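For reference, work_20.txt is printed below; it contains compact mmCIF, C-alpha atoms and all ligand atoms.
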# COMPACT_ATOMS: atom_id res chain seq x y z
CA MET A 109 6.93 13.08 -6.40
CA ALA A 110 6.01 15.62 -9.08
CA LEU A 111 3.24 14.64 -11.49
CA ASP A 112 5.65 14.76 -14.48
CA SER A 113 7.96 12.24 -12.80
CA LEU A 114 5.01 9.99 -12.02
CA LEU A 115 3.79 10.08 -15.62
CA GLU A 116 7.27 8.97 -16.77
CA ILE A 117 7.15 5.74 -14.76
CA LEU A 118 3.55 4.73 -15.51
CA GLN A 119 2.81 1.73 -17.70
CA ASP A 120 -0.24 -0.34 -18.59
CA PRO A 121 -0.81 -2.77 -15.66
CA ARG A 122 -2.47 -5.34 -17.95
CA THR A 123 0.10 -5.50 -20.76
CA ARG A 124 3.16 -4.17 -18.88
CA GLN A 125 3.78 -2.00 -21.93
CA PRO A 126 3.91 1.81 -22.21
CA LEU A 127 0.53 3.50 -21.95
CA CYS A 128 -1.26 3.63 -25.29
CA GLU A 129 -4.17 5.75 -24.05
CA PRO A 130 -4.11 9.02 -22.11
CA VAL A 131 -4.25 8.57 -18.34
CA ARG A 132 -7.81 8.74 -16.95
CA TYR A 133 -8.32 10.79 -13.80
CA VAL A 134 -10.98 10.48 -11.09
CA PHE A 135 -11.05 13.34 -8.55
CA GLY A 136 -7.67 14.37 -10.01
CA ILE A 137 -6.16 10.91 -9.28
CA PRO A 138 -4.81 8.75 -12.15
CA THR A 139 -6.96 5.61 -12.26
CA PHE A 140 -6.18 2.20 -13.72
CA LEU A 141 -9.36 0.46 -12.61
CA LYS A 142 -12.40 0.01 -14.81
CA GLU A 143 -15.85 -1.37 -14.03
CA GLY A 144 -15.54 -5.12 -13.46
CA ASP A 145 -11.73 -5.13 -12.93
CA VAL A 146 -11.97 -5.75 -9.18
CA VAL A 147 -13.32 -9.17 -8.18
CA GLY A 148 -13.40 -11.64 -5.26
CA GLN A 149 -11.96 -10.60 -1.90
CA ASN A 150 -10.59 -7.40 -3.45
CA ALA A 151 -14.11 -6.29 -4.42
CA LYS A 152 -15.41 -7.11 -0.92
CA TYR A 153 -12.74 -5.00 0.80
CA GLN A 154 -12.89 -2.24 -1.83
CA LYS A 155 -16.55 -1.81 -0.89
CA MET A 156 -15.75 -1.83 2.84
CA TYR A 157 -12.96 0.74 2.44
CA ASP A 158 -15.02 2.95 0.14
CA ASN A 159 -17.60 3.10 2.97
CA ILE A 160 -14.93 3.75 5.61
CA GLY A 161 -13.13 6.27 3.38
CA ARG A 162 -16.16 8.56 3.28
CA PHE A 163 -15.65 9.14 7.02
CA THR A 164 -12.00 8.24 7.62
CA GLY A 165 -10.32 11.65 7.47
CA SER A 166 -12.52 13.40 9.99
CA VAL A 167 -13.22 10.38 12.26
CA PHE A 168 -9.53 9.46 12.42
CA TRP A 169 -8.50 12.94 13.54
CA PHE A 170 -11.41 13.21 15.96
CA ILE A 171 -10.46 9.92 17.68
CA CYS A 172 -6.77 10.90 17.86
CA ARG A 173 -7.62 14.23 19.47
CA LEU A 174 -10.27 12.76 21.78
CA PHE A 175 -7.94 10.11 23.19
CA ARG A 176 -4.79 12.23 22.74
CA LEU A 177 -3.31 9.39 20.68
CA ASP A 178 0.14 10.01 19.31
CA MET A 179 -0.41 8.15 16.05
CA VAL A 180 2.80 9.44 14.48
CA SER A 181 5.01 7.80 17.14
CA LYS A 182 2.95 4.62 16.92
CA ARG A 183 3.42 4.49 13.14
CA LYS A 184 7.14 5.30 13.46
CA GLU A 185 7.46 2.21 15.62
CA LEU A 186 5.76 0.05 12.96
CA LEU A 187 8.00 1.41 10.22
CA SER A 188 11.20 1.69 12.27
CA GLU A 189 13.08 -0.69 9.94
CA LEU A 190 12.53 1.57 6.90
CA VAL A 191 15.56 3.58 5.81
CA ILE A 192 14.44 6.50 3.64
CA ARG A 193 16.99 8.98 2.33
CA SER A 194 16.44 12.48 1.02
CA LYS A 195 14.92 12.40 -2.54
CA ASP A 196 14.30 8.63 -2.43
CA LYS A 197 11.38 7.50 -4.56
CA VAL A 198 9.11 5.65 -2.15
CA LEU A 199 6.03 3.60 -3.03
CA GLU A 200 3.36 2.63 -0.49
CA THR A 201 0.88 0.09 -1.80
CA SER A 202 -2.53 0.35 -0.08
CA ILE A 203 -1.82 3.81 1.30
CA GLY A 204 -5.35 4.22 2.67
CA ALA A 205 -5.82 7.62 4.29
CA GLY A 206 -2.05 8.16 4.40
CA ALA A 207 -1.43 7.63 8.12
CA ASN A 208 2.03 6.11 7.51
CA ILE A 209 3.28 8.98 5.39
CA ALA A 210 2.88 11.29 8.41
CA ALA A 211 5.57 9.22 10.17
CA LEU A 212 8.11 9.40 7.31
CA PRO A 213 10.62 12.08 6.23
CA LEU A 214 9.21 15.05 4.35
CA ASP A 215 12.05 15.27 1.84
CA ALA A 216 11.42 11.99 -0.01
CA GLU A 217 9.18 11.56 -3.08
CA TYR A 218 6.14 9.44 -2.38
CA VAL A 219 3.63 7.56 -4.50
CA GLY A 220 0.61 5.92 -2.86
CA VAL A 221 -1.57 3.29 -4.50
CA ASP A 222 -4.97 2.16 -3.29
CA ILE A 223 -7.92 0.22 -4.69
CA SER A 224 -10.44 2.43 -2.86
CA ILE A 225 -11.05 5.83 -4.43
CA GLU A 226 -12.72 7.04 -1.22
CA MET A 227 -9.63 6.19 0.87
CA LEU A 228 -7.53 8.07 -1.68
CA ARG A 229 -9.82 11.08 -1.38
CA ALA A 230 -9.40 10.97 2.41
CA CYS A 231 -5.64 10.79 1.82
CA GLN A 232 -5.78 13.82 -0.48
CA LYS A 233 -7.29 15.89 2.35
CA TYR A 234 -4.92 14.47 4.97
CA SER A 235 -1.74 14.99 2.95
CA LEU A 236 -2.66 18.65 2.42
CA LEU A 237 -1.91 19.17 6.10
CA LYS A 238 1.83 18.89 5.43
CA PRO A 239 3.90 19.65 2.31
CA TYR A 240 4.53 16.05 1.22
CA HIS A 241 5.75 15.28 -2.28
CA LEU A 242 2.98 12.75 -2.74
CA GLN A 243 1.13 11.47 -5.81
CA LEU A 244 -1.80 9.10 -5.50
CA VAL A 245 -2.76 6.35 -7.95
CA HIS A 246 -5.98 4.32 -8.06
CA ALA A 247 -4.93 0.76 -8.87
CA ASN A 248 -4.82 -2.80 -7.63
CA ALA A 249 -1.64 -3.61 -5.68
CA GLU A 250 -1.58 -6.98 -7.46
CA LYS A 251 -1.12 -5.23 -10.84
CA LEU A 252 0.91 -2.11 -10.35
CA PRO A 253 0.92 0.45 -13.17
CA PHE A 254 4.65 1.24 -12.85
CA ARG A 255 7.70 0.33 -14.87
CA ASP A 256 10.18 -2.19 -13.51
CA GLU A 257 12.78 -0.87 -11.06
CA SER A 258 11.19 2.54 -10.46
CA PHE A 259 11.45 2.90 -6.65
CA ASP A 260 14.21 3.08 -4.01
CA VAL A 261 11.90 1.85 -1.24
CA VAL A 262 8.61 -0.08 -1.53
CA PHE A 263 6.37 -0.77 1.45
CA HIS A 264 2.93 -1.99 2.37
CA PHE A 265 1.16 -1.85 5.72
CA GLY A 266 -2.34 -3.23 6.12
CA GLY A 267 -4.53 -4.95 3.54
CA ILE A 268 -2.39 -7.74 2.13
CA ASN A 269 -3.82 -10.38 4.52
CA PHE A 270 -7.04 -10.37 2.52
CA PHE A 271 -5.82 -9.76 -1.04
CA ASN A 272 -6.91 -12.21 -3.79
CA ASP A 273 -3.30 -12.92 -4.74
CA ILE A 274 -0.78 -12.31 -1.92
CA PRO A 275 2.25 -13.81 -3.75
CA GLY A 276 1.32 -11.78 -6.86
CA ALA A 277 1.20 -8.53 -4.84
CA ILE A 278 4.64 -9.30 -3.34
CA ARG A 279 6.07 -10.09 -6.81
CA GLU A 280 4.76 -6.73 -8.01
CA MET A 281 6.39 -4.88 -5.09
CA ILE A 282 9.68 -6.59 -5.99
CA ARG A 283 9.31 -5.91 -9.73
CA VAL A 284 8.87 -2.13 -9.30
CA ALA A 285 11.71 -1.88 -6.71
CA LYS A 286 15.24 -1.04 -7.88
CA PRO A 287 17.88 -3.73 -7.30
CA GLY A 288 19.07 -3.39 -3.70
CA ALA A 289 15.90 -1.50 -2.69
CA GLN A 290 14.39 -2.09 0.70
CA ILE A 291 10.95 -3.72 0.86
CA LEU A 292 8.69 -3.85 3.93
CA ILE A 293 5.41 -5.75 4.25
CA GLY A 294 3.27 -5.59 7.37
CA ASP A 295 -0.28 -6.24 8.50
CA GLU A 296 -2.36 -7.28 11.48
CA THR A 297 -1.84 -10.65 13.14
CA GLN A 298 -4.72 -13.01 13.87
CA ILE A 299 -4.73 -11.68 17.47
CA HIS A 300 -5.75 -8.24 16.16
CA VAL A 301 -8.30 -9.58 13.67
CA GLU A 302 -10.06 -11.55 16.44
CA SER A 303 -9.83 -8.95 19.18
CA TRP A 304 -10.73 -5.91 17.09
CA TYR A 305 -12.03 -6.35 13.51
CA SER A 306 -14.30 -9.29 14.33
CA LYS A 307 -16.03 -7.17 16.98
CA LEU A 308 -16.39 -3.75 15.32
CA PRO A 309 -19.93 -2.85 14.22
CA PHE A 310 -20.26 -2.35 10.41
CA VAL A 311 -16.85 -4.01 9.90
CA LYS A 312 -17.22 -7.43 11.56
CA LYS A 313 -19.42 -8.82 8.77
CA TYR A 314 -16.42 -8.56 6.41
CA PHE A 315 -14.29 -10.78 8.68
CA CYS A 316 -16.67 -13.52 9.83
CA ASP A 317 -15.64 -16.13 7.22
CA THR A 318 -11.95 -15.27 6.72
CA PRO A 319 -9.27 -17.95 7.19
CA PRO A 320 -6.72 -17.34 10.00
CA VAL A 321 -4.10 -14.75 9.11
CA LEU A 322 -0.45 -15.81 8.77
CA PRO A 323 2.55 -13.58 7.89
CA PRO A 324 3.19 -14.45 4.20
CA MET A 325 6.81 -15.59 4.65
CA ASP A 326 6.27 -18.49 2.23
CA ALA A 327 5.38 -16.01 -0.53
CA ILE A 328 8.84 -14.39 -0.39
CA PRO A 329 10.88 -15.70 -3.38
CA SER A 330 13.63 -18.16 -2.42
CA GLN A 331 16.32 -15.93 -4.01
CA ILE A 332 15.75 -13.46 -1.13
CA LYS A 333 18.13 -14.46 1.62
CA ASP A 334 17.69 -11.67 4.17
CA ALA A 335 13.92 -11.78 4.86
CA LYS A 336 13.24 -11.03 8.54
CA LEU A 337 9.95 -11.38 10.41
CA SER A 338 9.23 -9.38 13.56
CA TYR A 339 6.20 -8.45 15.64
CA LYS A 340 5.15 -5.01 16.95
CA TRP A 341 2.45 -3.48 19.12
CA ALA A 342 2.35 -6.39 21.59
CA GLY A 343 2.14 -9.02 18.87
CA THR A 344 -0.84 -7.47 17.09
CA MET A 345 1.17 -6.51 13.95
CA TYR A 346 3.77 -8.40 11.92
CA VAL A 347 6.52 -6.82 9.83
CA ILE A 348 8.59 -8.55 7.12
CA THR A 349 11.61 -6.75 5.68
CA PHE A 350 14.09 -7.70 2.96
CA THR A 351 16.16 -6.20 0.16
CA LYS A 352 15.55 -6.84 -3.52
CA SER A 353 18.29 -9.16 -4.63
CA THR A 354 19.95 -8.32 -7.96
CA LEU A 355 19.07 -11.91 -8.96
CA LEU A 356 15.43 -10.81 -9.03
CA SER A 357 15.73 -8.11 -11.68
CA ASP A 358 12.78 -8.87 -13.94
CA ARG A 359 12.74 -6.34 -16.74
CA GLY A 360 9.49 -7.28 -18.49
CA GLY A 361 8.35 -3.92 -19.93
CA GLY A 362 9.96 -1.49 -22.32
CA GLY A 363 8.04 -2.18 -25.56
CA THR A 364 6.03 0.30 -27.59
CA CYS A 365 2.29 0.59 -28.28
C1 LIG A 401 -6.04 -1.38 6.82
S1 LIG A 401 -6.05 -0.20 5.50
C2 LIG A 401 -4.36 0.33 5.62
C3 LIG A 401 -4.16 1.73 5.13
C4 LIG A 401 -2.76 2.31 5.41
N1 LIG A 401 -1.73 1.56 4.76
C5 LIG A 401 -2.50 2.40 6.89
O1 LIG A 401 -1.58 1.74 7.39
O2 LIG A 401 -3.19 3.20 7.57
C6 LIG A 401 -6.05 -1.27 4.08
C7 LIG A 401 -6.04 -0.53 2.74
O3 LIG A 401 -5.79 -1.51 1.70
C8 LIG A 401 -6.53 -1.14 0.56
N2 LIG A 401 -6.63 -2.32 -0.32
C9 LIG A 401 -7.30 -3.47 -0.10
N3 LIG A 401 -7.12 -4.32 -1.14
C10 LIG A 401 -6.28 -3.69 -2.02
C11 LIG A 401 -5.69 -4.05 -3.27
N4 LIG A 401 -5.92 -5.26 -3.84
N5 LIG A 401 -4.90 -3.17 -3.90
C12 LIG A 401 -4.64 -1.95 -3.34
N6 LIG A 401 -5.17 -1.55 -2.16
C13 LIG A 401 -5.97 -2.42 -1.50
C14 LIG A 401 -7.85 -0.67 1.14
O4 LIG A 401 -8.60 0.10 0.25
C15 LIG A 401 -7.37 0.12 2.37
O5 LIG A 401 -7.17 1.47 2.07
What's the structure tokens form of this structure?
Amino acid sequence: MALDSLLEILQDPRTRQPLCEPVRYVFGIPTFLKEGDVVGQNAKYQKMYDNIGRFTGSVFWFICRLFRLDMVSKRKELLSELVIRSKDKVLETSIGAGANIAALPLDAEYVGVDISIEMLRACQKYSLLKPYHLQLVHANAEKLPFRDESFDVVFHFGGINFFNDIPGAIREMIRVAKPGAQILIGDETQIHVESWYSKLPFVKKYFCDTPPVLPPMDAIPSQIKDAKLSYKWAGTMYVITFTKSTLLSDRGGGGTC
């Protein structure tokens, strides 16, 4: 997405009103987080991902090359339910270093949100490798800084299991999706958390006291009738897909400063 188009759909995540102050930028990325905004689990994982982000870009590519991993095909499998058309406006919440974008069509317009500025910086470097139409935004996925009904497709892969407010993050994904838009939510299953995260040096301390992970099907609003749950990568990842019902149009914004 071009920066001008992004600026048109931004709004204040706290008031859900048009922006009354100029957008602040950090490393060229619009930021909606101030000191003290991020608390609880979100602060814990923001710290972890800021540490990981400092190394992610280079380490990720090194590991892929070393083990000849075809990460693009693996990601395509995870996102196989997504239908993205040319020029669609696509939002990924918790984009991280941008590994999913590499598996998606080049001719759509992407926006990626993340709470970790270091992951976004890794994504900046990574996305330069291909000519994506991608804008990054530093924000909390539980309070998105976008107007209602801005995107044709909204997806999230990885992170939501440990958010402070999982139902709130899903409501936000639905709010910013256009009526009829496709929404996809995926993350690791408990099998993956136990067999991988709980054993990794530097990372395991962030997962030692977490409750067991469950796909958040009960957080999908009851008006959604087509929610589907499936499992990928030998049961280590779950994927929930649904379409935004027109009954869920929630036009809250639109005021003036
Ligand atoms: C496992 S990574 C997934 C990254 C990417 N989606 C992928 O599939 O490679 C989780 C990401 O969620 C982000 N995150 C965690 N809590 C968040 C929140 N409340 N709002 C936005 N992003 C968040 C982290 O900073 C991290 O980049």
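For the set A:Met156, A:Met179, A:Ala335, A:Ile278, the residue with the smallest atom-to-atom gap to A:Tyr314 is A:Met156, counting only C-alpha atoms.
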Which chains and residue numbers are within 8 Å of ligand LIG 401 (chain A), counting all atoms listed in the file, if I want them as number ranges by chain?
-> A: 149-151, 153-154, 156-158, 161, 200-208, 221-225, 227-228, 246-250, 264-268, 270-272, 277, 295
Find the residues near A:Pro324: any atom within 9 Å, counting all atoms listed in the file, skip ones fewer than 6 places away on the same chain, and give them as a short mmCIF file (atom, residue, chain, number, x, y, z; two decimals) with C-alpha atoms, keeping the file's coordinate frame.
data_model
loop_
_atom_site.label_atom_id
_atom_site.label_comp_id
_atom_site.auth_asym_id
_atom_site.auth_seq_id
_atom_site.Cartn_x
_atom_site.Cartn_y
_atom_site.Cartn_z
CA ILE A 268 -2.39 -7.74 2.13
CA ASN A 269 -3.82 -10.38 4.52
CA ILE A 274 -0.78 -12.31 -1.92
CA PRO A 275 2.25 -13.81 -3.75
CA ILE A 293 5.41 -5.75 4.25
CA ILE A 348 8.59 -8.55 7.12
#
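Of the residues listed (A:Met325, A:Ile332, A:Val301, A:Leu244), A:Leu244 shows the shortest atom-to-atom separation from A:Val198; distances use all atoms listed in the file.
Taking atom CA of A:Tyr234 as the reference point, atom CA of A:Leu308 is found at 23.9 Å.
When atom CA of A:Val180 is paired with atom CA of A:Ala210, their separation reads 6.3 Å.
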Students should find that atom CA of A:Phe259 and atom CA of A:Ala289 are spaced 7.4 Å
May I have the centre and edge lengths, in Å to one decimal, of an axis-aligned box around the listed atoms of stretch 143-156 of chain A with 6 Å added to every side, as AutoDock Vina command-line options?
--center_x -13.6 --center_y -6.5 --center_z -5.6 --size_x 18.0 --size_y 22.3 --size_z 28.9
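Of the listed residues A:Leu186, A:Val219, A:Val131, A:Val146, the one whose atoms come nearest to A:Tyr339 is A:Leu186, with distances taken using only C-alpha atoms.
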Smallest atom-to-atom distance to A:Gly288: which of A:Ser357, A:Thr318, A:Ala211, A:Tyr240, using only C-alpha atoms?
-> A:Ser357
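When the distance limit is 10 Å and only C-alpha atoms are what count, the residues near A:Arg283, minus those fewer than 2 positions from it on the same chain, are Leu252, Phe254, Arg255, Asp256, Glu257, Ser258, Phe259, Ala277, Ile278, Arg279, Glu280, Met281, Ala285, Lys286, Pro287, Lys352, Leu356, Ser357, Asp358, Arg359 and Gly360 of chain A.
Residues in contact with A:Glu185 at up to 12 Å, not including ones fewer than 4 positions away on its chain and judged by all atoms listed in the file, are Asp178, Met179, Val180, Ser181, Glu189, Leu190, Asn208, Ala211, Leu212, Ser338, Tyr339, Lys340, Trp341, Ala342, Met345, Tyr346 and Val347 of chain A.
Of the listed residues (A:His241, A:Arg162, A:Lys307, A:Lys313), A:His241 comes nearest to A:Ser113; the distances count all atoms listed in the file.
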